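Engineer: Structure: query.pdb, PDB, C-alpha atoms, pLDDT in the B column.
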```pdb
ATOM      1  CA  MET A   1     -66.630  -1.867  -4.175  1.00 40.00           C
ATOM      2  CA  THR A   2     -63.407  -1.941  -6.190  1.00 41.00           C
ATOM      3  CA  ALA A   3     -61.564   1.315  -6.809  1.00 44.00           C
ATOM      4  CA  VAL A   4     -61.013   2.071 -10.473  1.00 43.00           C
ATOM      5  CA  PRO A   5     -57.772   3.904 -11.276  1.00 48.00           C
ATOM      6  CA  THR A   6     -58.240   7.300 -12.882  1.00 47.00           C
ATOM      7  CA  GLN A   7     -56.584   8.078 -16.191  1.00 55.00           C
ATOM      8  CA  GLY A   8     -52.840   8.304 -15.734  1.00 54.00           C
ATOM      9  CA  ALA A   9     -52.922   6.417 -12.429  1.00 54.00           C
ATOM     10  CA  THR A  10     -51.224   3.057 -12.261  1.00 60.00           C
ATOM     11  CA  ALA A  11     -52.793   0.015 -10.690  1.00 54.00           C
ATOM     12  CA  PRO A  12     -51.015  -1.262  -7.569  1.00 60.00           C
ATOM     13  CA  ARG A  13     -48.369  -3.874  -8.296  1.00 70.00           C
ATOM     14  CA  ARG A  14     -49.306  -7.426  -7.468  1.00 80.00           C
ATOM     15  CA  LYS A  15     -47.464  -8.727  -4.426  1.00 89.00           C
ATOM     16  CA  LEU A  16     -45.230 -11.695  -5.066  1.00 90.00           C
ATOM     17  CA  ARG A  17     -46.266 -14.880  -3.286  1.00 92.00           C
ATOM     18  CA  VAL A  18     -43.396 -16.366  -1.237  1.00 94.00           C
ATOM     19  CA  ALA A  19     -43.167 -19.662   0.638  1.00 94.00           C
ATOM     20  CA  THR A  20     -40.481 -21.159   2.861  1.00 94.00           C
ATOM     21  CA  THR A  21     -39.775 -24.629   4.178  1.00 94.00           C
ATOM     22  CA  SER A  22     -37.084 -26.516   6.036  1.00 94.00           C
ATOM     23  CA  LEU A  23     -35.715 -30.027   5.511  1.00 96.00           C
ATOM     24  CA  ALA A  24     -32.739 -31.678   7.315  1.00 95.00           C
ATOM     25  CA  GLY A  25     -31.037 -28.839   9.140  1.00 91.00           C
ATOM     26  CA  CYS A  26     -31.249 -26.676  12.237  1.00 92.00           C
ATOM     27  CA  PHE A  27     -33.813 -24.008  11.197  1.00 92.00           C
ATOM     28  CA  GLY A  28     -31.058 -21.374  11.524  1.00 93.00           C
ATOM     29  CA  CYS A  29     -31.740 -19.969   8.054  1.00 94.00           C
ATOM     30  CA  HIS A  30     -35.349 -19.286   9.001  1.00 94.00           C
ATOM     31  CA  MET A  31     -34.112 -17.592  12.169  1.00 94.00           C
ATOM     32  CA  SER A  32     -31.927 -15.329   9.997  1.00 94.00           C
ATOM     33  CA  LEU A  33     -34.971 -14.505   7.869  1.00 93.00           C
ATOM     34  CA  LEU A  34     -36.825 -13.473  11.006  1.00 92.00           C
ATOM     35  CA  ASP A  35     -33.733 -11.494  12.089  1.00 93.00           C
ATOM     36  CA  ILE A  36     -34.299  -8.982   9.304  1.00 92.00           C
ATOM     37  CA  ASP A  37     -36.414  -7.443  12.095  1.00 91.00           C
ATOM     38  CA  GLU A  38     -38.286  -4.250  11.157  1.00 93.00           C
ATOM     39  CA  ARG A  39     -37.411  -4.797   7.503  1.00 92.00           C
ATOM     40  CA  LEU A  40     -40.096  -7.530   7.642  1.00 90.00           C
ATOM     41  CA  PHE A  41     -42.621  -4.667   7.493  1.00 90.00           C
ATOM     42  CA  ASP A  42     -41.016  -3.435   4.258  1.00 90.00           C
ATOM     43  CA  LEU A  43     -40.971  -6.995   2.957  1.00 90.00           C
ATOM     44  CA  VAL A  44     -44.680  -7.649   3.561  1.00 89.00           C
ATOM     45  CA  GLU A  45     -45.462  -4.501   1.562  1.00 91.00           C
ATOM     46  CA  ARG A  46     -43.893  -6.251  -1.429  1.00 91.00           C
ATOM     47  CA  ILE A  47     -44.743  -9.922  -0.863  1.00 91.00           C
ATOM     48  CA  GLU A  48     -47.447 -12.166   0.498  1.00 91.00           C
ATOM     49  CA  PHE A  49     -46.293 -15.129   2.554  1.00 89.00           C
ATOM     50  CA  ASP A  50     -47.708 -18.548   1.775  1.00 90.00           C
ATOM     51  CA  ARG A  51     -46.200 -21.451   3.766  1.00 85.00           C
ATOM     52  CA  SER A  52     -43.767 -19.974   6.308  1.00 85.00           C
ATOM     53  CA  PRO A  53     -43.179 -19.657  10.066  1.00 76.00           C
ATOM     54  CA  LEU A  54     -44.990 -16.311   9.868  1.00 76.00           C
ATOM     55  CA  THR A  55     -48.223 -17.865   8.601  1.00 82.00           C
ATOM     56  CA  ASP A  56     -48.083 -21.394  10.016  1.00 82.00           C
ATOM     57  CA  ILE A  57     -49.563 -22.654   6.728  1.00 79.00           C
ATOM     58  CA  LYS A  58     -48.544 -26.326   6.393  1.00 79.00           C
ATOM     59  CA  THR A  59     -48.951 -26.813   2.643  1.00 82.00           C
ATOM     60  CA  CYS A  60     -47.634 -24.721  -0.209  1.00 85.00           C
ATOM     61  CA  GLY A  61     -49.859 -23.291  -2.899  1.00 88.00           C
ATOM     62  CA  PRO A  62     -48.616 -21.865  -6.179  1.00 95.00           C
ATOM     63  CA  CYS A  63     -45.880 -19.308  -5.422  1.00 95.00           C
ATOM     64  CA  ASP A  64     -43.586 -16.960  -7.256  1.00 94.00           C
ATOM     65  CA  LEU A  65     -40.639 -17.629  -4.943  1.00 95.00           C
ATOM     66  CA  GLY A  66     -39.699 -20.490  -2.639  1.00 96.00           C
ATOM     67  CA  LEU A  67     -36.937 -20.336  -0.023  1.00 97.00           C
ATOM     68  CA  ILE A  68     -35.841 -23.747   1.214  1.00 97.00           C
ATOM     69  CA  GLU A  69     -33.247 -24.643   3.826  1.00 97.00           C
ATOM     70  CA  GLY A  70     -31.830 -28.007   4.849  1.00 97.00           C
ATOM     71  CA  GLY A  71     -30.505 -31.031   3.028  1.00 97.00           C
ATOM     72  CA  ILE A  72     -32.271 -34.233   2.045  1.00 98.00           C
ATOM     73  CA  CYS A  73     -31.845 -37.133   4.462  1.00 97.00           C
ATOM     74  CA  ASN A  74     -35.073 -39.144   4.195  1.00 97.00           C
ATOM     75  CA  ALA A  75     -37.972 -40.046   1.906  1.00 96.00           C
ATOM     76  CA  GLU A  76     -40.222 -37.366   3.401  1.00 95.00           C
ATOM     77  CA  ASN A  77     -37.616 -34.691   2.567  1.00 97.00           C
ATOM     78  CA  VAL A  78     -37.625 -35.895  -1.053  1.00 98.00           C
ATOM     79  CA  HIS A  79     -41.422 -35.705  -1.211  1.00 96.00           C
ATOM     80  CA  VAL A  80     -41.554 -32.210   0.348  1.00 95.00           C
ATOM     81  CA  LEU A  81     -38.805 -30.971  -1.974  1.00 97.00           C
ATOM     82  CA  HIS A  82     -40.572 -32.261  -5.128  1.00 97.00           C
ATOM     83  CA  GLU A  83     -43.890 -30.720  -4.023  1.00 96.00           C
ATOM     84  CA  PHE A  84     -42.229 -27.427  -3.125  1.00 96.00           C
ATOM     85  CA  ARG A  85     -40.403 -27.286  -6.476  1.00 97.00           C
ATOM     86  CA  ARG A  86     -43.659 -28.024  -8.287  1.00 97.00           C
ATOM     87  CA  GLN A  87     -45.391 -25.095  -6.533  1.00 96.00           C
ATOM     88  CA  CYS A  88     -42.584 -22.503  -6.751  1.00 97.00           C
ATOM     89  CA  ARG A  89     -41.756 -20.701  -9.997  1.00 96.00           C
ATOM     90  CA  VAL A  90     -38.324 -19.707  -8.609  1.00 96.00           C
ATOM     91  CA  LEU A  91     -36.573 -21.845  -5.989  1.00 97.00           C
ATOM     92  CA  VAL A  92     -33.727 -20.647  -3.760  1.00 97.00           C
ATOM     93  CA  ALA A  93     -31.514 -23.059  -1.815  1.00 98.00           C
ATOM     94  CA  VAL A  94     -30.761 -21.192   1.413  1.00 97.00           C
ATOM     95  CA  GLY A  95     -27.751 -22.049   3.547  1.00 96.00           C
ATOM     96  CA  ALA A  96     -24.993 -24.642   3.625  1.00 96.00           C
ATOM     97  CA  CYS A  97     -27.254 -27.632   4.327  1.00 97.00           C
ATOM     98  CA  ALA A  98     -29.399 -26.917   1.241  1.00 98.00           C
ATOM     99  CA  ILE A  99     -26.369 -26.205  -0.948  1.00 97.00           C
ATOM    100  CA  THR A 100     -23.888 -28.899   0.177  1.00 97.00           C
ATOM    101  CA  GLY A 101     -25.714 -31.094   2.705  1.00 97.00           C
ATOM    102  CA  GLY A 102     -24.062 -29.139   5.538  1.00 95.00           C
ATOM    103  CA  LEU A 103     -23.688 -30.661   8.978  1.00 93.00           C
ATOM    104  CA  PRO A 104     -26.259 -33.426   8.411  1.00 94.00           C
ATOM    105  CA  ALA A 105     -23.993 -34.698   5.578  1.00 96.00           C
ATOM    106  CA  GLN A 106     -21.277 -35.458   8.137  1.00 94.00           C
ATOM    107  CA  ARG A 107     -22.889 -38.888   8.378  1.00 94.00           C
ATOM    108  CA  ASN A 108     -22.083 -39.546   4.705  1.00 96.00           C
ATOM    109  CA  GLN A 109     -18.677 -40.923   5.640  1.00 95.00           C
ATOM    110  CA  PHE A 110     -20.366 -43.863   7.365  1.00 94.00           C
ATOM    111  CA  GLU A 111     -22.741 -46.571   6.166  1.00 96.00           C
ATOM    112  CA  LEU A 112     -26.351 -45.861   7.170  1.00 95.00           C
ATOM    113  CA  GLY A 113     -26.596 -49.163   9.087  1.00 92.00           C
ATOM    114  CA  GLN A 114     -23.482 -48.265  11.054  1.00 92.00           C
ATOM    115  CA  CYS A 115     -24.962 -44.855  11.982  1.00 90.00           C
ATOM    116  CA  LEU A 116     -28.266 -46.375  13.084  1.00 90.00           C
ATOM    117  CA  GLN A 117     -26.469 -49.058  15.112  1.00 89.00           C
ATOM    118  CA  GLU A 118     -24.314 -46.448  16.864  1.00 86.00           C
ATOM    119  CA  VAL A 119     -27.181 -44.094  17.645  1.00 84.00           C
ATOM    120  CA  TYR A 120     -29.888 -46.572  18.639  1.00 86.00           C
ATOM    121  CA  VAL A 121     -28.109 -49.689  19.882  1.00 85.00           C
ATOM    122  CA  THR A 122     -24.606 -49.039  21.196  1.00 84.00           C
ATOM    123  CA  GLU A 123     -25.156 -45.508  22.575  1.00 75.00           C
ATOM    124  CA  PRO A 124     -24.869 -45.953  26.381  1.00 74.00           C
ATOM    125  CA  SER A 125     -27.880 -43.764  27.144  1.00 72.00           C
ATOM    126  CA  LEU A 126     -30.072 -46.083  25.056  1.00 65.00           C
ATOM    127  CA  ALA A 127     -28.993 -49.405  26.560  1.00 62.00           C
ATOM    128  CA  ARG A 128     -31.223 -52.239  25.330  1.00 66.00           C
ATOM    129  CA  GLY A 129     -32.484 -49.893  22.616  1.00 75.00           C
ATOM    130  CA  GLY A 130     -33.333 -50.875  19.104  1.00 85.00           C
ATOM    131  CA  ILE A 131     -33.411 -49.298  15.695  1.00 87.00           C
ATOM    132  CA  PRO A 132     -36.896 -47.815  15.213  1.00 87.00           C
ATOM    133  CA  ASN A 133     -39.058 -49.668  12.732  1.00 87.00           C
ATOM    134  CA  ASP A 134     -42.335 -47.825  12.476  1.00 89.00           C
ATOM    135  CA  PRO A 135     -44.262 -47.010   9.276  1.00 90.00           C
ATOM    136  CA  GLU A 136     -44.859 -43.483  10.652  1.00 92.00           C
ATOM    137  CA  LEU A 137     -41.116 -42.716  10.479  1.00 91.00           C
ATOM    138  CA  PRO A 138     -39.711 -41.546   7.129  1.00 94.00           C
ATOM    139  CA  LEU A 139     -37.307 -43.955   5.475  1.00 94.00           C
ATOM    140  CA  PRO A 140     -33.722 -42.631   5.860  1.00 95.00           C
ATOM    141  CA  LEU A 141     -31.638 -42.294   2.714  1.00 97.00           C
ATOM    142  CA  ASP A 142     -28.183 -43.890   2.495  1.00 96.00           C
ATOM    143  CA  LYS A 143     -26.625 -40.411   2.176  1.00 97.00           C
ATOM    144  CA  VAL A 144     -27.613 -36.802   2.850  1.00 97.00           C
ATOM    145  CA  HIS A 145     -27.930 -34.878  -0.421  1.00 98.00           C
ATOM    146  CA  PRO A 146     -27.914 -31.185  -1.360  1.00 98.00           C
ATOM    147  CA  LEU A 147     -31.093 -29.974  -3.029  1.00 98.00           C
ATOM    148  CA  HIS A 148     -29.648 -29.496  -6.528  1.00 98.00           C
ATOM    149  CA  GLU A 149     -28.999 -33.247  -6.774  1.00 98.00           C
ATOM    150  CA  VAL A 150     -32.774 -33.837  -6.714  1.00 97.00           C
ATOM    151  CA  VAL A 151     -34.472 -30.777  -8.278  1.00 98.00           C
ATOM    152  CA  LYS A 152     -33.548 -27.710 -10.302  1.00 98.00           C
ATOM    153  CA  ILE A 153     -32.460 -24.823  -8.088  1.00 98.00           C
ATOM    154  CA  ASP A 154     -32.621 -21.309  -9.524  1.00 96.00           C
ATOM    155  CA  TYR A 155     -30.480 -19.474  -6.954  1.00 96.00           C
ATOM    156  CA  PHE A 156     -28.110 -20.378  -4.127  1.00 95.00           C
ATOM    157  CA  LEU A 157     -27.893 -18.193  -0.998  1.00 95.00           C
ATOM    158  CA  PRO A 158     -24.822 -19.447   0.911  1.00 94.00           C
ATOM    159  CA  GLY A 159     -23.996 -19.153   4.585  1.00 93.00           C
ATOM    160  CA  CYS A 160     -24.355 -21.120   7.770  1.00 92.00           C
ATOM    161  CA  PRO A 161     -26.719 -19.472   8.213  1.00 94.00           C
ATOM    162  CA  PRO A 162     -26.812 -16.546   5.792  1.00 94.00           C
ATOM    163  CA  SER A 163     -26.968 -13.314   7.795  1.00 93.00           C
ATOM    164  CA  ALA A 164     -30.156 -11.282   7.981  1.00 94.00           C
ATOM    165  CA  ASP A 165     -28.394  -8.603   5.912  1.00 94.00           C
ATOM    166  CA  ALA A 166     -27.475 -11.159   3.232  1.00 94.00           C
ATOM    167  CA  ILE A 167     -31.061 -12.432   3.079  1.00 94.00           C
ATOM    168  CA  TRP A 168     -32.384  -8.871   2.881  1.00 94.00           C
ATOM    169  CA  ALA A 169     -29.929  -7.882   0.126  1.00 93.00           C
ATOM    170  CA  PHE A 170     -30.711 -11.064  -1.815  1.00 93.00           C
ATOM    171  CA  LEU A 171     -34.489 -10.600  -1.570  1.00 93.00           C
ATOM    172  CA  ASP A 172     -34.287  -6.871  -2.285  1.00 92.00           C
ATOM    173  CA  ASP A 173     -32.342  -7.546  -5.506  1.00 92.00           C
ATOM    174  CA  LEU A 174     -34.634 -10.387  -6.543  1.00 90.00           C
ATOM    175  CA  LEU A 175     -37.837  -8.444  -5.853  1.00 89.00           C
ATOM    176  CA  ALA A 176     -36.479  -5.440  -7.776  1.00 89.00           C
ATOM    177  CA  GLY A 177     -35.850  -7.664 -10.791  1.00 89.00           C
ATOM    178  CA  ARG A 178     -32.063  -7.608 -10.400  1.00 91.00           C
ATOM    179  CA  THR A 179     -29.815 -10.659 -10.344  1.00 91.00           C
ATOM    180  CA  PRO A 180     -28.855 -11.057  -6.675  1.00 89.00           C
ATOM    181  CA  ARG A 181     -25.194 -10.321  -5.972  1.00 86.00           C
ATOM    182  CA  LEU A 182     -23.707 -10.642  -2.490  1.00 82.00           C
ATOM    183  CA  SER A 183     -20.409  -9.083  -1.564  1.00 77.00           C
ATOM    184  CA  GLY A 184     -17.887 -10.990   0.577  1.00 74.00           C
ATOM    185  CA  GLY A 185     -18.815  -8.958   3.657  1.00 77.00           C
ATOM    186  CA  LEU A 186     -22.339 -10.373   3.632  1.00 77.00           C
ATOM    187  CA  LEU A 187     -21.233 -14.007   3.455  1.00 73.00           C
ATOM    188  CA  HIS A 188     -20.119 -15.888   6.540  1.00 65.00           C
ATOM    189  CA  TYR A 189     -20.048 -19.401   7.974  1.00 62.00           C
ATOM    190  CA  ASP A 190     -20.276 -19.188  11.772  1.00 60.00           C
TER     191      ASP A 190
END
```
Just dump the structure as structure tokens.

Structural biologist:
Amino acid sequence: MTAVPTQGATAPRRKLRVATTSLAGCFGCHMSLLDIDERLFDLVERIEFDRSPLTDIKTCGPCDLGLIEGGICNAENVHVLHEFRRQCRVLVAVGACAITGGLPAQRNQFELGQCLQEVYVTEPSLARGGIPNDPELPLPLDKVHPLHEVVKIDYFLPGCPPSADAIWAFLDDLLAGRTPRLSGGLLHYD
């Protein structure tokens, strides 16, 4: 049976649907999200998680907000990013890898073939190795790219990783309908 609000009562606000995903990076931004600790209880009063480490849902349905960390280094990352963008009304690039390519983009100063040769052939621990050639492996891109070079990003949440307090402040502003604003004390690059 569904409760009907009495006159003057307001219906409960719909929870926003939020999804997260990670591309080429270290998963540190997701760890910072989890580091908001007991504030997660406040957060789940206001949102419903779709794809995230908290739900273990592997695909993303239609969402109000998507948080995505990591850069784009292979064809699978491109596919996931396009699908995620398609499903999320608002998309937030979280962390240095999503915003600039971060540490994975360090390989951009070298040719892809040179990187593969160094890692798989000349690396002493892989003597007699070979560059993997398996259809199950995603095709690497020549360069690592930040997300905004491939899809429209609505907000950028910088940091490496952003602190739990920065993520909380950002989400609190966004969920309250305010434009997120982070002061210098909340931003850091450890």

Engineer: Mind checking which residues fall within 12 Å of Gly113 (chain A), counting only C-alpha atoms, ignoring those fewer than 3 positions away in the same chain, and posting them as a list in words?

Structural biologist: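 Neighbouring residues, sequence-local ones excluded: Arg107, Asn108, Gln109, Phe110, Leu116, Gln117, Glu118, Val119, Tyr120, Val121, Ile131, Pro140, Leu141, Asp142 and Lys143 of chain A.
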
Engineer: On this structure, the PyMOL selection byres ((chain A and resi 168-175) around 9) would catch which residues? List them as a PyMOL selection string, sorted by chain and number.

Structural biologist: chain A and resi 16+33+36+39+43+46-47+157+163-167+176-182+186

Engineer: Output C-alpha atoms for every residue in that selection, as a PDB file, in the frame of the given file.

Structural biologist:
```pdb
ATOM      1  CA  LEU A  16     -45.230 -11.695  -5.066  1.00 90.00           C
ATOM      2  CA  LEU A  33     -34.971 -14.505   7.869  1.00 93.00           C
ATOM      3  CA  ILE A  36     -34.299  -8.982   9.304  1.00 92.00           C
ATOM      4  CA  ARG A  39     -37.411  -4.797   7.503  1.00 92.00           C
ATOM      5  CA  LEU A  43     -40.971  -6.995   2.957  1.00 90.00           C
ATOM      6  CA  ARG A  46     -43.893  -6.251  -1.429  1.00 91.00           C
ATOM      7  CA  ILE A  47     -44.743  -9.922  -0.863  1.00 91.00           C
ATOM      8  CA  LEU A 157     -27.893 -18.193  -0.998  1.00 95.00           C
ATOM      9  CA  SER A 163     -26.968 -13.314   7.795  1.00 93.00           C
ATOM     10  CA  ALA A 164     -30.156 -11.282   7.981  1.00 94.00           C
ATOM     11  CA  ASP A 165     -28.394  -8.603   5.912  1.00 94.00           C
ATOM     12  CA  ALA A 166     -27.475 -11.159   3.232  1.00 94.00           C
ATOM     13  CA  ILE A 167     -31.061 -12.432   3.079  1.00 94.00           C
ATOM     14  CA  ALA A 176     -36.479  -5.440  -7.776  1.00 89.00           C
ATOM     15  CA  GLY A 177     -35.850  -7.664 -10.791  1.00 89.00           C
ATOM     16  CA  ARG A 178     -32.063  -7.608 -10.400  1.00 91.00           C
ATOM     17  CA  THR A 179     -29.815 -10.659 -10.344  1.00 91.00           C
ATOM     18  CA  PRO A 180     -28.855 -11.057  -6.675  1.00 89.00           C
ATOM     19  CA  ARG A 181     -25.194 -10.321  -5.972  1.00 86.00           C
ATOM     20  CA  LEU A 182     -23.707 -10.642  -2.490  1.00 82.00           C
ATOM     21  CA  LEU A 186     -22.339 -10.373   3.632  1.00 77.00           C
TER      22      LEU A 186
END
```

Engineer: CA of Ser183 (chain A) to CA of Val94 (chain A): how many Å, to one decimal?

Structural biologist: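 CA of Ser183 (chain A) sits 16.2 Å away from CA of Val94 (chain A).
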
Engineer: By how many Å are CA of Phe156 (chain A) and CA of Phe84 (chain A) apart?

Structural biologist: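 Interatomic distance here is 15.8 Å.
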
Engineer: Tell me which residues the PyMOL selection byres ((chain A and resi 147) around 12) grabs here, as number ranges by chain.

Structural biologist: A: 22-24, 67-73, 77-82, 84-85, 91-102, 144-146, 148-156

Engineer: To one decimal place in Å, what is the distance between CA of Cys63 (chain A) and CA of Leu103 (chain A)?

Structural biologist: 28.8 Å

Engineer: Can you tell me, as a PDB file with C-alpha atoms, keeping the file's coordinate frame, which residues sit within 7 Å of (-25.3, -18.9, 6.8) in the file's frame, using only C-alpha atoms?

Structural biologist:
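selection07.pdb was written with the following content:
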```pdb
ATOM      1  CA  CYS A  29     -31.740 -19.969   8.054  1.00 94.00           C
ATOM      2  CA  GLY A  95     -27.751 -22.049   3.547  1.00 96.00           C
ATOM      3  CA  ALA A  96     -24.993 -24.642   3.625  1.00 96.00           C
ATOM      4  CA  PRO A 158     -24.822 -19.447   0.911  1.00 94.00           C
ATOM      5  CA  GLY A 159     -23.996 -19.153   4.585  1.00 93.00           C
ATOM      6  CA  CYS A 160     -24.355 -21.120   7.770  1.00 92.00           C
ATOM      7  CA  PRO A 161     -26.719 -19.472   8.213  1.00 94.00           C
ATOM      8  CA  PRO A 162     -26.812 -16.546   5.792  1.00 94.00           C
ATOM      9  CA  SER A 163     -26.968 -13.314   7.795  1.00 93.00           C
ATOM     10  CA  HIS A 188     -20.119 -15.888   6.540  1.00 65.00           C
ATOM     11  CA  TYR A 189     -20.048 -19.401   7.974  1.00 62.00           C
TER      12      TYR A 189
END
```

Engineer: In terms of the shortest atom-to-atom distance over all atoms listed in the file, which of A:Arg14, A:Asp35, A:Leu137, A:Gly185 is closest to Glu76 (chain A)?

Structural biologist: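 Looking at the shortest contact to Glu76 (chain A), the residue is A:Leu137.
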
Engineer: As a check of understanding, name the residues that the PyMOL selection byres ((chain A and resi 54-59) around 12) selects in the supplied structure, as a list in words.

Structural biologist: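 With the shown file as input, the PyMOL selection byres ((chain A and resi 54-59) around 12) matches Val18, Ala19, Thr20, Thr21, Ser22, His30, Met31, Leu33, Leu34, Leu40, Val44, Glu48, Phe49, Asp50, Arg51, Ser52, Pro53, Cys60, Gly61, Pro62, Cys63, Val80, Leu81, Glu83, Phe84 and Gln87 of chain A.
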
Engineer: Mind working out the centre and edge lengths of an axis-aligned box for region 177-180 of chain A, all listed atoms inside, 8 Å added to each side, rounded to one decimal in Å and written as lines of an AutoDock Vina configuration file?

Structural biologist:
```
center_x = -32.4
center_y = -9.3
center_z = -8.7
size_x = 23.0
size_y = 19.4
size_z = 20.1
```
